[in-house]
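Working notes, beginning with the structure itself.
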Amino acid sequence: MSSAFVFPGQGSQAVGMGRALADNFAVAREVFEEVDEALGEKLSAVMWDGPIETLTLTANTQPALMAASLAALRVLEAEAGVNLARDAAFVAGHSLGEYSALAAAGSLSLADTARLLRLRGTAMQAATPVGTGAMAAILGLDFDKVAAVAAEAAQGEVCEVANDNAPGQVVVSGHAAAVERACEIAKREGASRAILLTVSAPFHCSLIASAADAMREALTKVAVHAPKVPLVANVTAAPVTDPNEIRALLVKQVTSTVRWRESVAFMAEQGVTRLVEIGTGKVLSGLTKRIARQVASANVGTPEDVAAFAAAPATA
């Protein structure tokens with residue numbers, strides 16, 4: 001069985017995430033302690049005790065989801081003998097999950113990843129005044145149709161495809177009025193649903209270009225190594241290992257479409273037969289079923305998940 005290890009993005013967060021791992025495994029506690037130290041605050045307390053309103057602030061959500069994922073991976077390595085370089089054909093992550101994937105593969109240090117994600121979340125939030133932008137999920141139309149809808153809806157404003165998540169699940173992002181127009185046009189074009197999302201900023205569109213500038217500067221100040229396992233990048237849906245290219249893609253990712261459907265399809269075409277979702281929730285596993293039904297999914301986010309995985313370890 002050939003496996004890829006994948007890491008979730010925003011939307012998977014929940015109060016209490018990672019707590020059972022920290023309670024049961026020293027290696028997980030060490031991850032949360034290192035992230036807390038890197039940020040100079042007890043993010044772990046927000047993760048475990050809430051309130052949810054504080055956890056869902058994007059500057060907290062992004063490093064928190066990464067910390068939960070890396071804690072789960074460290075436990076998997078310690079308890080199930082997982083070796084990413086041996087057991088994974090690829091790593092990938094959805095939006096902020098791409099940073100988790102790079103930390104998992106040794107491309108970024110844990111502390112640098114936490115600080116980068118705190119900056120990324122803060123910069124994305126600050127890029128546009130509250131209420132200026134919006135995002136909407138368009139269900140029941142394919143990527144090309146939604147791209148055409150977004151172009152028609154723009155009318156001089158920004159309306160772009162932010163996430164190509166799965167067949168029939170595409171997200172648009174941009175100016176609030178333009179996104180609302182896209183919802184109406186999509187319904188006219190046969191979408192089954194068009195849902196405005198509860199988000200704090202219009203992610204993955206040109207409205208937040210200032211956040212890309214912030215990440216460009218920040219990434220020049222951290223060490224980026226070649227990952228132990230090729231990263232299938234959001235921007236290209238293709239593997240990358242060169243540190244300079246990784247830096248450039250992380251900058252471009254801020255304002256570009258997350259090509260998750262194509263990324264999963266690519267890994268399946270390369271012979272991957274199982275995606276192992278590391279961290280909180282099962283969002284990516286659900287998308288996998290819609291993208292590549294022949295690919296199995298496993299989830300590792302709790303002690304019980306670790307035990308189940310150890311009973312049937314993944315090998316590349």
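Each chain in the structure tokens gets a letter, A, B and so on, in the order shown; residues start at 1 in every chain, and ligands are counted from 1 in the order they appear.
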As a PyMOL selection string, please: every residue in range 30-190 of chain A that DSSP puts in helix (DSSP H, G or I). chain A and resi 30-39+43-49+52-55+58-80+84-87+97-104+110-126+143-154+176-188
Name the residues in contact with Thr61 in chain A at a cut-off of 10 Å, using only C-alpha atoms, excluding same-chain residues fewer than 5 positions from it; report them as a ChimeraX atom specification. /A:9-14,43,46-47,52,54-56,66-67,96,117-118,121
Residue among A:Ala296, A:Thr220, A:Val158, A:Ala64 lying closest to Val179 in chain A, counting only C-alpha atoms: A:Val158
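Using only C-alpha atoms for every distance, the candidate list A:Gly190, A:Gly93, A:Gly156, A:Gly286 yields A:Gly190 as the residue closest to Asp142 in chain A.
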Who sits within 9 Å of Val254 in chain A, only C-alpha atoms, same chain under 6 positions skipped, as a PyMOL selection string: chain A and resi 95+120+124+203-206+208-209+211-212+215
Residues from the last selection, C-alpha atoms, saved as a PDB file, in the first residue's frame:
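selection.pdb, written as the output of this step:
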ATOM      1  CA  SER A  95      -3.891  25.834   2.660  1.00  0.00           C
ATOM      2  CA  ARG A 120       0.165  34.447   8.064  1.00  0.00           C
ATOM      3  CA  MET A 124      -4.495  37.706   6.112  1.00  0.00           C
ATOM      4  CA  PHE A 203      -8.686  34.005   1.635  1.00  0.00           C
ATOM      5  CA  HIS A 204      -6.830  32.887  -1.505  1.00  0.00           C
ATOM      6  CA  CYS A 205      -7.633  35.855  -3.723  1.00  0.00           C
ATOM      7  CA  SER A 206      -5.844  38.984  -4.885  1.00  0.00           C
ATOM      8  CA  ILE A 208      -5.067  39.898   0.334  1.00  0.00           C
ATOM      9  CA  ALA A 209      -1.905  40.544  -1.686  1.00  0.00           C
ATOM     10  CA  ALA A 211      -0.381  39.165   3.206  1.00  0.00           C
ATOM     11  CA  ALA A 212       1.649  37.558   0.429  1.00  0.00           C
ATOM     12  CA  MET A 215       5.049  36.097   3.923  1.00  0.00           C
TER      13      MET A 215
END
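The space between CA of Glu262 in chain A and CA of Ala162 in chain A spans 13.7 Å.
Across the structure, CA of Asn163 in chain A and CA of Lys145 in chain A are spaced 13.6 Å apart.
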Residue set, range 123-162 of chain A restricted to strand (DSSP E or B), as a list in words: Gly133, Ala134, Met135, Ala136, Ala137, Ile138, Leu139, Cys159, Glu160, Val161 and Ala162 of chain A
Selection: 7 Å around Ala176 in chain A, only C-alpha atoms, excl. self and same-chain fewer than 6 positions, as a list in words: Thr132, Gly133 and Ala134 of chain A
Can those selected residues be exported to a file as a PDB file, in the first residue's frame so that it contains N, CA, C and O atoms?
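Here's the written file out13.pdb:
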ATOM      1  N   THR A 132     -15.360  43.870   4.026  1.00  0.00           N
ATOM      2  CA  THR A 132     -15.039  44.185   2.629  1.00  0.00           C
ATOM      3  C   THR A 132     -15.136  42.949   1.745  1.00  0.00           C
ATOM      4  O   THR A 132     -15.619  43.014   0.614  1.00  0.00           O
ATOM      5  N   GLY A 133     -14.639  41.831   2.273  1.00  0.00           N
ATOM      6  CA  GLY A 133     -14.566  40.613   1.473  1.00  0.00           C
ATOM      7  C   GLY A 133     -15.504  39.535   1.966  1.00  0.00           C
ATOM      8  O   GLY A 133     -16.127  39.645   3.034  1.00  0.00           O
ATOM      9  N   ALA A 134     -15.614  38.477   1.157  1.00  0.00           N
ATOM     10  CA  ALA A 134     -16.463  37.340   1.500  1.00  0.00           C
ATOM     11  C   ALA A 134     -15.973  36.120   0.742  1.00  0.00           C
ATOM     12  O   ALA A 134     -15.179  36.222  -0.194  1.00  0.00           O
TER      13      ALA A 134
END
Quick one: residues within 8 Å of range 236-243 of chain A, only C-alpha atoms, excluding same-chain residues fewer than 2 positions away - as JSON, numbers by chain? {"A": [90, 107, 224, 225, 226, 227, 229, 230, 231, 232, 233, 234, 245, 246, 247, 259, 260, 262, 263, 266]}
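Residue nearest Ala223 in chain A within the list A:Glu157, A:Glu189, A:Asp112, A:Glu184: A:Asp112 [criterion: smallest interatomic distance, only C-alpha atoms].
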Surrounding residues of Val35 in chain A excluding itself and chain neighbours under 2 positions, 12 Å, only C-alpha atoms, as a ChimeraX atom specification: /A:28-33,37-45,47,60,62-68,70-71,109-118
Please save N, CA and C atoms of the selected residues as an mmCIF file, in the first residue's frame.
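To be explicit, this is the file written out as again_26.cif:
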data_model
loop_
_atom_site.group_PDB
_atom_site.id
_atom_site.type_symbol
_atom_site.label_atom_id
_atom_site.label_comp_id
_atom_site.auth_asym_id
_atom_site.auth_seq_id
_atom_site.Cartn_x
_atom_site.Cartn_y
_atom_site.Cartn_z
ATOM 1 N N ALA A 28 3.810 14.355 22.429
ATOM 2 C CA ALA A 28 2.780 15.312 22.040
ATOM 3 C C ALA A 28 2.856 16.559 22.916
ATOM 4 N N ARG A 29 3.029 16.369 24.225
ATOM 5 C CA ARG A 29 3.160 17.516 25.129
ATOM 6 C C ARG A 29 4.322 18.405 24.705
ATOM 7 N N GLU A 30 5.415 17.781 24.287
ATOM 8 C CA GLU A 30 6.588 18.551 23.873
ATOM 9 C C GLU A 30 6.290 19.426 22.663
ATOM 10 N N VAL A 31 5.467 18.937 21.739
ATOM 11 C CA VAL A 31 5.088 19.750 20.577
ATOM 12 C C VAL A 31 4.329 20.986 21.034
ATOM 13 N N PHE A 32 3.327 20.809 21.879
ATOM 14 C CA PHE A 32 2.524 21.947 22.328
ATOM 15 C C PHE A 32 3.361 22.931 23.142
ATOM 16 N N GLU A 33 4.274 22.411 23.953
ATOM 17 C CA GLU A 33 5.150 23.290 24.732
ATOM 18 C C GLU A 33 6.066 24.095 23.828
ATOM 19 N N GLU A 37 6.068 28.152 23.426
ATOM 20 C CA GLU A 37 7.292 28.924 23.636
ATOM 21 C C GLU A 37 7.611 29.786 22.416
ATOM 22 N N ALA A 38 7.437 29.238 21.234
ATOM 23 C CA ALA A 38 7.731 29.984 20.000
ATOM 24 C C ALA A 38 6.842 31.210 19.870
ATOM 25 N N LEU A 39 5.587 31.085 20.315
ATOM 26 C CA LEU A 39 4.627 32.184 20.182
ATOM 27 C C LEU A 39 4.636 33.112 21.392
ATOM 28 N N GLY A 40 5.262 32.682 22.486
ATOM 29 C CA GLY A 40 5.301 33.500 23.679
ATOM 30 C C GLY A 40 3.971 33.585 24.392
ATOM 31 N N GLU A 41 3.143 32.576 24.218
ATOM 32 C CA GLU A 41 1.836 32.529 24.893
ATOM 33 C C GLU A 41 1.330 31.100 24.907
ATOM 34 N N LYS A 42 0.309 30.855 25.742
ATOM 35 C CA LYS A 42 -0.216 29.490 25.890
ATOM 36 C C LYS A 42 -1.327 29.251 24.860
ATOM 37 N N LEU A 43 -0.927 29.066 23.625
ATOM 38 C CA LEU A 43 -1.910 28.717 22.606
ATOM 39 C C LEU A 43 -2.597 27.404 22.963
ATOM 40 N N SER A 44 -1.855 26.493 23.598
ATOM 41 C CA SER A 44 -2.438 25.200 23.963
ATOM 42 C C SER A 44 -3.640 25.379 24.887
ATOM 43 N N ALA A 45 -3.631 26.378 25.752
ATOM 44 C CA ALA A 45 -4.768 26.612 26.642
ATOM 45 C C ALA A 45 -6.000 27.023 25.847
ATOM 46 N N MET A 47 -6.527 26.156 22.728
ATOM 47 C CA MET A 47 -6.919 24.953 22.000
ATOM 48 C C MET A 47 -7.763 24.032 22.869
ATOM 49 N N ASN A 60 -4.939 32.450 15.519
ATOM 50 C CA ASN A 60 -4.829 31.316 16.441
ATOM 51 C C ASN A 60 -5.085 29.989 15.745
ATOM 52 N N GLN A 62 -4.582 28.948 12.714
ATOM 53 C CA GLN A 62 -3.549 28.413 11.827
ATOM 54 C C GLN A 62 -2.434 27.697 12.592
ATOM 55 N N PRO A 63 -1.779 28.335 13.576
ATOM 56 C CA PRO A 63 -0.766 27.569 14.319
ATOM 57 C C PRO A 63 -1.357 26.450 15.173
ATOM 58 N N ALA A 64 -2.604 26.607 15.624
ATOM 59 C CA ALA A 64 -3.219 25.574 16.455
ATOM 60 C C ALA A 64 -3.433 24.281 15.675
ATOM 61 N N LEU A 65 -3.952 24.398 14.466
ATOM 62 C CA LEU A 65 -4.166 23.197 13.658
ATOM 63 C C LEU A 65 -2.848 22.526 13.317
ATOM 64 N N MET A 66 -1.827 23.327 13.048
ATOM 65 C CA MET A 66 -0.510 22.758 12.783
ATOM 66 C C MET A 66 0.012 22.013 14.012
ATOM 67 N N ALA A 67 -0.126 22.624 15.195
ATOM 68 C CA ALA A 67 0.363 21.983 16.418
ATOM 69 C C ALA A 67 -0.334 20.643 16.654
ATOM 70 N N ALA A 68 -1.650 20.606 16.448
ATOM 71 C CA ALA A 68 -2.391 19.356 16.625
ATOM 72 C C ALA A 68 -1.915 18.294 15.646
ATOM 73 N N LEU A 70 1.105 18.104 14.131
ATOM 74 C CA LEU A 70 2.469 17.657 14.418
ATOM 75 C C LEU A 70 2.528 16.810 15.684
ATOM 76 N N ALA A 71 1.664 17.112 16.663
ATOM 77 C CA ALA A 71 1.608 16.264 17.856
ATOM 78 C C ALA A 71 1.151 14.857 17.489
ATOM 79 N N SER A 109 11.339 24.104 10.639
ATOM 80 C CA SER A 109 11.337 23.722 12.050
ATOM 81 C C SER A 109 9.955 23.976 12.635
ATOM 82 N N LEU A 110 9.650 23.295 13.725
ATOM 83 C CA LEU A 110 8.353 23.457 14.370
ATOM 84 C C LEU A 110 8.165 24.901 14.850
ATOM 85 N N ALA A 111 9.181 25.468 15.479
ATOM 86 C CA ALA A 111 9.065 26.835 16.001
ATOM 87 C C ALA A 111 8.872 27.837 14.868
ATOM 88 N N ASP A 112 9.643 27.699 13.798
ATOM 89 C CA ASP A 112 9.488 28.611 12.661
ATOM 90 C C ASP A 112 8.103 28.478 12.044
ATOM 91 N N THR A 113 7.607 27.247 11.957
ATOM 92 C CA THR A 113 6.287 27.033 11.360
ATOM 93 C C THR A 113 5.209 27.713 12.189
ATOM 94 N N ALA A 114 5.306 27.595 13.508
ATOM 95 C CA ALA A 114 4.326 28.250 14.389
ATOM 96 C C ALA A 114 4.347 29.759 14.194
ATOM 97 N N ARG A 115 5.536 30.337 14.154
ATOM 98 C CA ARG A 115 5.642 31.793 13.989
ATOM 99 C C ARG A 115 5.176 32.238 12.608
ATOM 100 N N LEU A 116 5.509 31.466 11.580
ATOM 101 C CA LEU A 116 5.066 31.809 10.232
ATOM 102 C C LEU A 116 3.544 31.782 10.128
ATOM 103 N N LEU A 117 2.920 30.783 10.743
ATOM 104 C CA LEU A 117 1.466 30.681 10.667
ATOM 105 C C LEU A 117 0.775 31.748 11.497
ATOM 106 N N ARG A 118 1.363 32.132 12.618
ATOM 107 C CA ARG A 118 0.803 33.254 13.379
ATOM 108 C C ARG A 118 0.842 34.523 12.515
#
For CA of Ala268 in chain A and CA of Ser285 in chain A, the interatomic separation in Å (one decimal): 13.6 Å
Any idea what's packed within 12 Å of Ala312 in chain A, counting only C-alpha atoms, ignoring anything in its chain fewer than 6 positions away? Could you give it as a list in words? Met1, Ala80, Gly81, Val82, Arg274, Val276, Ala298, Asp305 and Val306 of chain A
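Shortest separation to Cys159 in chain A among A:Pro202, A:Pro129, A:Arg193, A:Leu73 occurs at residue A:Pro202, atoms counted being only C-alpha atoms.
Counting only C-alpha atoms, the residue from A:Ala214, A:Ala182, A:Ile291, A:Ala101 that sits nearest to Val146 in chain A is A:Ala182.
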